[in-house]
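**Q** Structure file coords27.cif, mmCIF, C-alpha atoms, is pasted below:
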data_final
loop_
_atom_site.group_PDB
_atom_site.id
_atom_site.type_symbol
_atom_site.label_atom_id
_atom_site.label_comp_id
_atom_site.auth_asym_id
_atom_site.auth_seq_id
_atom_site.Cartn_x
_atom_site.Cartn_y
_atom_site.Cartn_z
ATOM 1 C CA MET O 6 82.936 135.789 169.096
ATOM 2 C CA ALA O 7 85.887 137.583 170.609
ATOM 3 C CA ALA O 8 86.683 141.100 169.485
ATOM 4 C CA THR O 9 89.751 141.228 167.179
ATOM 5 C CA PRO O 10 91.500 143.757 164.950
ATOM 6 C CA ALA O 11 89.965 143.510 161.453
ATOM 7 C CA LEU O 12 92.200 142.919 158.387
ATOM 8 C CA MET O 13 91.944 145.158 155.354
ATOM 9 C CA SER O 14 90.909 143.221 152.221
ATOM 10 C CA ALA O 15 90.728 145.883 149.519
ATOM 11 C CA GLY O 16 93.295 148.223 147.943
ATOM 12 C CA ARG O 17 96.926 148.333 149.048
ATOM 13 C CA PRO O 18 97.219 148.943 152.781
ATOM 14 C CA PRO O 19 100.603 150.047 154.103
ATOM 15 C CA LEU O 20 102.737 147.418 155.784
ATOM 16 C CA VAL O 21 102.789 149.413 159.019
ATOM 17 C CA ALA O 22 99.066 149.436 159.731
ATOM 18 C CA SER O 23 97.626 151.871 162.224
ATOM 19 C CA ARG O 24 95.897 150.534 165.281
ATOM 20 C CA ARG O 25 92.151 150.345 164.760
ATOM 21 C CA SER O 26 89.153 149.835 166.959
ATOM 22 C CA PRO O 27 88.185 146.180 167.585
ATOM 23 C CA THR O 28 85.631 144.611 165.226
ATOM 24 C CA ALA O 29 84.379 141.114 164.572
ATOM 25 C CA ALA O 30 86.858 138.821 162.826
ATOM 26 C CA ARG O 31 85.931 137.913 159.256
ATOM 27 C CA VAL O 32 86.307 134.172 158.742
ATOM 28 C CA ARG O 33 85.729 134.061 154.986
ATOM 29 C CA ALA O 34 88.568 134.113 152.438
ATOM 30 C CA GLN O 35 90.125 137.530 151.933
ATOM 31 C CA VAL O 36 92.961 139.274 150.109
ATOM 32 C CA LEU O 37 95.832 141.050 151.789
ATOM 33 C CA ASP O 38 97.550 143.282 149.267
ATOM 34 C CA PHE O 39 100.883 144.899 150.194
ATOM 35 C CA GLN O 40 102.798 147.826 148.866
ATOM 36 C CA SER O 41 105.783 147.107 146.617
ATOM 37 C CA GLN O 42 108.812 146.085 148.646
ATOM 38 C CA GLU O 43 112.389 147.159 147.994
ATOM 39 C CA VAL O 44 114.517 144.007 147.801
ATOM 40 C CA ILE O 45 118.186 143.476 146.890
ATOM 41 C CA THR O 46 119.226 140.331 145.031
ATOM 42 C CA ARG O 47 122.349 138.242 145.570
ATOM 43 C CA ASP O 48 124.191 140.184 142.836
ATOM 44 C CA ASN O 49 123.332 143.537 144.471
ATOM 45 C CA VAL O 50 120.508 144.532 142.133
ATOM 46 C CA GLN O 51 117.669 146.566 143.627
ATOM 47 C CA LEU O 52 114.143 145.401 142.766
ATOM 48 C CA MET O 53 110.628 146.502 143.678
ATOM 49 C CA ILE O 54 108.423 143.447 144.345
ATOM 50 C CA HIS O 55 104.676 143.572 144.875
ATOM 51 C CA PRO O 56 103.377 140.608 146.966
ATOM 52 C CA MET O 57 99.812 139.561 147.755
ATOM 53 C CA LEU O 58 98.246 136.988 150.121
ATOM 54 C CA LEU O 59 94.984 135.051 150.027
ATOM 55 C CA TYR O 60 94.044 134.078 153.573
ATOM 56 C CA GLN O 61 91.250 132.936 155.821
ATOM 57 C CA LEU O 62 90.823 133.469 159.559
ATOM 58 C CA VAL O 63 90.279 129.996 161.007
ATOM 59 C CA ASP O 64 90.712 130.631 164.745
ATOM 60 C CA PRO O 65 89.256 133.941 166.009
ATOM 61 C CA ILE O 66 90.654 133.328 169.499
ATOM 62 C CA LYS O 67 94.248 133.179 168.198
ATOM 63 C CA VAL O 68 93.576 136.145 165.914
ATOM 64 C CA ALA O 69 92.488 138.152 168.952
ATOM 65 C CA TYR O 70 95.145 137.106 171.454
ATOM 66 C CA GLN O 71 98.248 135.719 169.671
ATOM 67 C CA THR O 72 99.243 139.054 168.123
ATOM 68 C CA TYR O 73 98.196 142.617 168.891
ATOM 69 C CA ASP O 74 98.300 144.002 165.307
ATOM 70 C CA LEU O 75 97.859 141.132 162.838
ATOM 71 C CA PRO O 76 98.164 143.124 159.580
ATOM 72 C CA ARG O 77 101.415 144.704 160.727
ATOM 73 C CA ALA O 78 102.788 141.370 161.944
ATOM 74 C CA VAL O 79 101.930 139.631 158.671
ATOM 75 C CA GLY O 80 103.372 142.535 156.680
ATOM 76 C CA ASN O 81 106.686 142.386 158.552
ATOM 77 C CA LEU O 82 106.776 138.617 158.139
ATOM 78 C CA VAL O 83 106.160 138.883 154.388
ATOM 79 C CA ARG O 84 108.789 141.601 154.008
ATOM 80 C CA THR O 85 111.529 139.727 155.876
ATOM 81 C CA SER O 86 110.706 136.438 154.164
ATOM 82 C CA LEU O 87 110.711 138.062 150.740
ATOM 83 C CA ARG O 88 114.085 139.715 151.358
ATOM 84 C CA SER O 89 115.530 136.441 152.621
ATOM 85 C CA ILE O 90 114.351 134.450 149.600
ATOM 86 C CA VAL O 91 115.276 136.971 146.900
ATOM 87 C CA GLY O 92 118.565 137.771 148.642
ATOM 88 C CA ASP O 93 119.716 134.218 147.867
ATOM 89 C CA MET O 94 118.804 134.547 144.173
ATOM 90 C CA GLY O 95 120.375 136.407 141.285
ATOM 91 C CA LEU O 96 118.580 138.909 139.071
ATOM 92 C CA ASP O 97 117.924 136.491 136.224
ATOM 93 C CA ASP O 98 116.671 133.785 138.596
ATOM 94 C CA THR O 99 114.385 136.238 140.362
ATOM 95 C CA LEU O 100 112.799 137.458 137.142
ATOM 96 C CA ALA O 101 112.310 133.903 135.858
ATOM 97 C CA SER O 102 111.261 132.130 139.078
ATOM 98 C CA ARG O 103 108.033 133.665 140.341
ATOM 99 C CA GLU O 104 106.509 130.277 141.059
ATOM 100 C CA GLU O 105 109.537 129.271 143.083
ATOM 101 C CA ILE O 106 109.343 132.513 145.075
ATOM 102 C CA ASN O 107 105.619 131.955 145.684
ATOM 103 C CA ARG O 108 106.214 128.421 147.015
ATOM 104 C CA ALA O 109 109.126 129.499 149.220
ATOM 105 C CA MET O 110 107.100 132.394 150.645
ATOM 106 C CA HIS O 111 104.174 130.104 151.402
ATOM 107 C CA LEU O 112 106.410 127.623 153.207
ATOM 108 C CA LYS O 113 108.012 130.365 155.292
ATOM 109 C CA ILE O 114 104.920 132.204 156.483
ATOM 110 C CA ALA O 115 102.116 129.603 156.421
ATOM 111 C CA ARG O 116 103.067 127.865 159.699
ATOM 112 C CA VAL O 117 103.659 131.131 161.553
ATOM 113 C CA CYS O 118 100.412 132.648 160.338
ATOM 114 C CA LEU O 119 98.514 129.485 161.281
ATOM 115 C CA ASP O 120 99.733 129.942 164.862
ATOM 116 C CA TRP O 121 98.139 133.389 164.705
ATOM 117 C CA GLY O 122 94.784 131.932 163.589
ATOM 118 C CA MET O 123 95.279 132.806 159.906
ATOM 119 C CA LYS O 124 95.384 130.175 157.159
ATOM 120 C CA ILE O 125 97.423 131.252 154.103
ATOM 121 C CA THR O 126 95.792 129.705 151.042
ATOM 122 C CA GLN O 127 97.944 131.326 148.365
ATOM 123 C CA VAL O 128 100.943 133.620 147.999
ATOM 124 C CA GLU O 129 101.460 135.550 144.772
ATOM 125 C CA VAL O 130 104.154 137.913 143.509
ATOM 126 C CA LEU O 131 102.192 140.274 141.276
ATOM 127 C CA GLU O 132 104.981 142.455 139.912
ATOM 128 C CA ILE O 133 108.769 142.568 139.846
ATOM 129 C CA HIS O 134 110.226 145.874 138.699
ATOM 130 C CA PRO O 135 113.950 146.598 138.414
ATOM 131 C CA THR O 136 115.050 150.201 138.894
ATOM 132 C CA ARG O 137 115.397 152.478 135.864
ATOM 133 C CA SER O 138 119.176 152.127 135.746
ATOM 134 C CA ILE O 139 118.888 148.329 135.844
ATOM 135 C CA GLN O 140 116.253 148.392 133.105
ATOM 136 C CA GLU O 141 118.529 150.506 130.904
ATOM 137 C CA ALA O 142 121.432 148.123 131.568
ATOM 138 C CA MET O 143 119.206 145.157 130.702
ATOM 139 C CA HIS O 144 118.118 146.813 127.448
ATOM 140 C CA LYS O 145 121.763 147.441 126.548
ATOM 141 C CA GLN O 146 122.607 143.852 127.387
ATOM 142 C CA LEU O 147 119.774 142.550 125.211
ATOM 143 C CA SER O 148 120.847 144.817 122.362
ATOM 144 C CA ALA O 149 124.456 143.634 122.662
ATOM 145 C CA GLU O 150 123.272 140.016 122.745
ATOM 146 C CA ARG O 151 121.225 140.521 119.579
ATOM 147 C CA ILE O 152 124.234 142.105 117.846
ATOM 148 C CA ARG O 153 126.438 139.222 118.988
ATOM 149 C CA ARG O 154 123.965 136.621 117.716
ATOM 150 C CA ALA O 155 123.644 138.454 114.395
ATOM 151 C CA ALA O 156 127.431 138.500 114.057
ATOM 152 C CA ILE O 157 127.572 134.776 114.820
ATOM 153 C CA VAL O 158 124.874 134.011 112.246
ATOM 154 C CA THR O 159 126.673 136.162 109.651
ATOM 155 C CA ALA O 160 129.998 134.460 110.361
ATOM 156 C CA GLU O 161 128.439 131.006 110.156
ATOM 157 C CA GLY O 162 126.753 131.924 106.873
ATOM 158 C CA TYR O 163 130.029 133.213 105.424
ATOM 159 C CA ARG O 164 131.842 130.097 106.597
ATOM 160 C CA GLU O 165 129.195 127.885 104.996
ATOM 161 C CA GLN O 166 129.440 129.904 101.784
ATOM 162 C CA VAL O 167 133.231 129.578 101.653
ATOM 163 C CA ARG O 168 133.040 125.861 102.396
ATOM 164 C CA THR O 169 130.404 125.321 99.708
ATOM 165 C CA GLU O 170 132.404 127.283 97.145
ATOM 166 C CA ALA O 171 135.570 125.362 98.018
ATOM 167 C CA GLU O 172 133.739 122.054 97.687
ATOM 168 C CA GLY O 173 132.310 123.177 94.348
ATOM 169 C CA GLU O 174 135.732 124.192 93.041
ATOM 170 C CA SER O 175 137.190 120.906 94.263
ATOM 171 C CA GLN O 176 134.459 118.891 92.567
ATOM 172 C CA ALA O 177 134.915 120.900 89.376
ATOM 173 C CA ALA O 178 138.692 120.320 89.422
ATOM 174 C CA ILE O 179 138.138 116.599 89.973
ATOM 175 C CA ALA O 180 135.639 116.457 87.120
ATOM 176 C CA ILE O 181 138.022 118.349 84.795
ATOM 177 C CA SER O 182 140.973 116.115 85.682
ATOM 178 C CA MET O 183 138.863 112.996 85.205
ATOM 179 C CA GLY O 184 137.691 114.317 81.840
ATOM 180 C CA GLU O 185 141.239 115.094 80.719
ATOM 181 C CA ALA O 186 142.393 111.653 81.839
ATOM 182 C CA SER O 187 139.519 110.070 79.954
ATOM 183 C CA VAL O 188 140.382 112.078 76.808
ATOM 184 C CA LYS O 189 144.036 111.062 77.034
ATOM 185 C CA ARG O 190 143.102 107.436 77.545
ATOM 186 C CA LEU O 191 140.722 107.462 74.589
ATOM 187 C CA HIS O 192 143.340 109.232 72.453
ATOM 188 C CA ALA O 193 145.969 106.657 73.358
ATOM 189 C CA GLU O 194 143.552 103.838 72.697
ATOM 190 C CA GLY O 195 142.726 105.396 69.321
ATOM 191 C CA GLN O 196 146.390 105.725 68.375
ATOM 192 C CA ALA O 197 147.057 102.163 69.442
ATOM 193 C CA LYS O 198 144.086 100.991 67.440
ATOM 194 C CA SER O 199 145.190 102.964 64.367
ATOM 195 C CA LYS O 200 148.709 101.566 64.589
ATOM 196 C CA GLU O 201 147.263 98.122 64.939
ATOM 197 C CA VAL O 202 145.103 98.666 61.861
ATOM 198 C CA LEU O 203 148.067 100.052 59.889
ATOM 199 C CA ALA O 204 150.220 97.156 60.950
ATOM 200 C CA ASP O 205 147.539 94.688 59.881
ATOM 201 C CA ALA O 206 147.129 96.459 56.557
ATOM 202 C CA GLU O 207 150.881 96.533 55.982
ATOM 203 C CA ALA O 208 151.162 92.882 56.868
ATOM 204 C CA LYS O 209 148.413 92.033 54.414
ATOM 205 C CA SER O 210 150.070 94.140 51.690
ATOM 206 C CA VAL O 211 153.425 92.467 52.277
ATOM 207 C CA GLU O 212 151.731 89.108 52.208
ATOM 208 C CA ALA O 213 150.102 90.033 48.896
ATOM 209 C CA LEU O 214 153.451 91.228 47.420
ATOM 210 C CA SER O 215 155.522 88.362 48.720
ATOM 211 C CA ALA O 216 154.688 86.169 45.745
ATOM 212 C CA THR O 217 155.654 88.899 43.304
ATOM 213 C CA LEU O 218 158.870 89.742 45.183
ATOM 214 C CA THR O 219 159.863 86.092 45.153
ATOM 215 C CA LEU O 220 159.839 86.123 41.366
ATOM 216 C CA PHE O 221 162.591 88.767 41.464
ATOM 217 C CA GLY O 222 164.535 86.983 44.169
ATOM 218 C CA VAL O 223 163.799 89.663 46.780
ATOM 219 C CA GLU O 224 162.851 88.885 50.349
ATOM 220 C CA PRO O 225 159.817 90.738 51.691
ATOM 221 C CA THR O 226 161.823 92.029 54.665
ATOM 222 C CA GLN O 227 164.431 93.557 52.349
ATOM 223 C CA TYR O 228 161.662 95.261 50.452
ATOM 224 C CA ILE O 229 160.180 96.744 53.614
ATOM 225 C CA VAL O 230 163.582 97.964 54.865
ATOM 226 C CA GLY O 231 164.385 99.588 51.539
ATOM 227 C CA LEU O 232 160.950 101.248 51.400
ATOM 228 C CA ARG O 233 161.353 102.679 54.903
ATOM 229 C CA TYR O 234 164.843 103.870 53.993
ATOM 230 C CA LEU O 235 163.533 105.846 51.021
ATOM 231 C CA GLU O 236 160.634 107.272 53.018
ATOM 232 C CA THR O 237 163.059 108.524 55.646
ATOM 233 C CA PHE O 238 165.220 110.316 53.068
ATOM 234 C CA LEU O 239 162.087 111.843 51.595
ATOM 235 C CA LEU O 240 161.056 113.244 54.974
ATOM 236 C CA VAL O 241 164.539 114.658 55.585
ATOM 237 C CA ALA O 242 164.560 116.353 52.181
ATOM 238 C CA GLN O 243 161.151 117.955 52.775
ATOM 239 C CA LYS O 244 162.217 119.774 55.973
ATOM 240 C CA ALA O 245 164.389 122.391 54.229
ATOM 241 C CA ALA O 246 164.905 124.057 50.868
ATOM 242 C CA SER O 247 168.470 122.724 50.461
ATOM 243 C CA ARG O 248 169.943 119.511 51.800
ATOM 244 C CA HIS O 249 173.038 117.459 50.974
ATOM 245 C CA ILE O 250 172.315 113.835 51.580
ATOM 246 C CA ILE O 251 175.143 111.305 51.498
ATOM 247 C CA PHE O 252 173.809 107.828 50.899
ATOM 248 C CA PRO O 253 175.677 105.112 52.754
ATOM 249 C CA TYR O 254 177.003 102.388 50.527
ATOM 250 C CA GLU O 255 174.800 99.396 50.954
ATOM 251 C CA ALA O 256 175.295 96.886 48.163
ATOM 252 C CA SER O 257 172.178 94.965 48.936
ATOM 253 C CA LEU O 258 170.054 98.092 49.218
ATOM 254 C CA TYR O 259 171.631 99.568 46.105
ATOM 255 C CA GLY O 260 170.988 96.411 44.200
ATOM 256 C CA LEU O 261 167.454 96.264 45.483
ATOM 257 C CA VAL O 262 166.752 99.802 44.429
ATOM 258 C CA LYS O 263 168.408 99.203 41.090
ATOM 259 C CA ASP O 264 166.403 96.076 40.484
ATOM 260 C CA LEU O 265 163.179 97.804 41.445
ATOM 261 C CA SER O 266 163.969 100.807 39.261
ATOM 262 C CA ALA O 267 164.757 98.478 36.342
ATOM 263 C CA THR O 268 161.391 96.909 36.649
#
Would you write out, as structure tokens, the structure that this file holds?

**A**
Amino acid sequence: MAATPALMSAGRPPLVASRRSPTAARVRAQVLDFQSQEVITRDNVQLMIHPMLLYQLVDPIKVAYQTYDLPRAVGNLVRTSLRSIVGDMGLDDTLASREEINRAMHLKIARVCLDWGMKITQVEVLEIHPTRSIQEAMHKQLSAERIRRAAIVTAEGYREQVRTEAEGESQAAIAISMGEASVKRLHAEGQAKSKEVLADAEAKSVEALSATLTLFGVEPTQYIVGLRYLETFLLVAQKAASRHIIFPYEASLYGLVKDLSAT
């Protein structure tokens, strides 16, 4: 097997690896862990991203002769690819799209690394850390968002309360008006019924007296008119302590009253 530079598989080696003495290439699966990389997003936010590779050396000849310092070459490739991918994404997308970043990184470096005799089996972004100032700004933004949502919930609750109270008052007013209308209708029906009963009773009384009135030569209608006339004068006299009432001269009424008083 040809002599090749060995790749570090434990800890976090620096991206710029020092040149080491040749050793035998390890063909089993290994881990290449990088230091956190400083990356700037599309909206000019600085992030520290910690990438990691799972790889396997599949062609020792290419590992030995395609590149002089494989760890350094892979590190530079990962760094440039990571900056290119994250540079096209905003802060929110970067924080929420680790799987997308992993897939894009794998597509970018897998073919190149395969030409170097290295098969990339998996790419992982282990950590994404915004700077302290960005973290403080994010906390303030979250706090402001919570306050805004609380204000919206409070406003919606107050609006629902006002609407419910208005609907209740409206229903109460409708119920009261319907009750008053029902009372007035029942009262009118009662008055109409009482007048009807009084009219029937008066008609029956007149019918009962008609035979007696005929004996005196008095028509029932004349009797009723005279009776109403006297009742009206009685009501007028009861309204005050002193009244002067001038009777109109009605011969028929006078005779009727005289005849009735004589009886």

**Q** Kindly provide the residues of segment 111-164 of chain O that approach segment 42-66 of chain O to within 7 Å, each paired with its closest atom pair and their distance in Å to one decimal, based on all atoms listed in the file, listed by chain and increasing number, as a Markdown table.

**A**
| residue | atom | partner | partner_atom | distance |
| --- | --- | --- | --- | --- |
| O:Gly122 | CA | O:Asp64 | CA | 4.4 |
| O:Met123 | CA | O:Leu62 | CA | 4.5 |
| O:Lys124 | CA | O:Gln61 | CA | 5.1 |
| O:Ile125 | CA | O:Tyr60 | CA | 4.4 |
| O:Thr126 | CA | O:Tyr60 | CA | 5.3 |
| O:Gln127 | CA | O:Leu59 | CA | 5.0 |
| O:Val128 | CA | O:Leu58 | CA | 4.8 |
| O:Glu129 | CA | O:Met57 | CA | 5.3 |
| O:Val130 | CA | O:Pro56 | CA | 4.5 |
| O:Leu131 | CA | O:His55 | CA | 5.5 |
| O:Glu132 | CA | O:His55 | CA | 5.1 |
| O:Ile133 | CA | O:Ile54 | CA | 4.6 |
| O:His134 | CA | O:Met53 | CA | 5.0 |
| O:Pro135 | CA | O:Leu52 | CA | 4.5 |
| O:Thr136 | CA | O:Leu52 | CA | 6.2 |

**Q** Considering all atoms listed in the file, return as a ChimeraX atom specification whatever protein or nucleic-acid residues lie within 9 Å of Lys113 of chain O, sequence-local ones (same chain, fewer than 4 positions apart) excluded.

**A** /O:82-83,86,108-109,117

**Q** For atom CA of Asp93 of chain O and atom CA of Asn81 of chain O, quote the distance in Å rounded to one decimal.

**A**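 Atom CA of Asp93 of chain O sits 18.7 Å away from atom CA of Asn81 of chain O.
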
**Q** For a test of reading the model, state the distance in Å between atom CA of Ala115 of chain O and atom CA of Leu37 of chain O, rounded to one decimal.

**A** 13.9 Å

**Q** In Å, rounded to a single decimal, give me how far atom CA of Gly162 of chain O is from atom CA of Glu150 of chain O.

**A** 18.2 Å

**Q** Name the closest residue to Leu232 of chain O among the candidates O:Asp98, O:Tyr73, O:Val211, O:Leu147; distances are taken between atoms, counting only C-alpha atoms.

**A** O:Val211

**Q** Quick one: of O:Leu119, O:Ala69, O:Ile229, O:Ala156, who's nearest to Glu207 of chain O, counting only C-alpha atoms?

**A**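 Answer, going by the shortest atom-to-atom distance: O:Ile229.
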
**Q** Find, counting all atoms listed in the file, the residue in O:Ile114, O:Ala186, O:Ala160, O:Ser215 that gets nearest to Gln227 of chain O.

**A**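 Looking only at the distances to Gln227 of chain O, the closest residue turns out to be O:Ser215.
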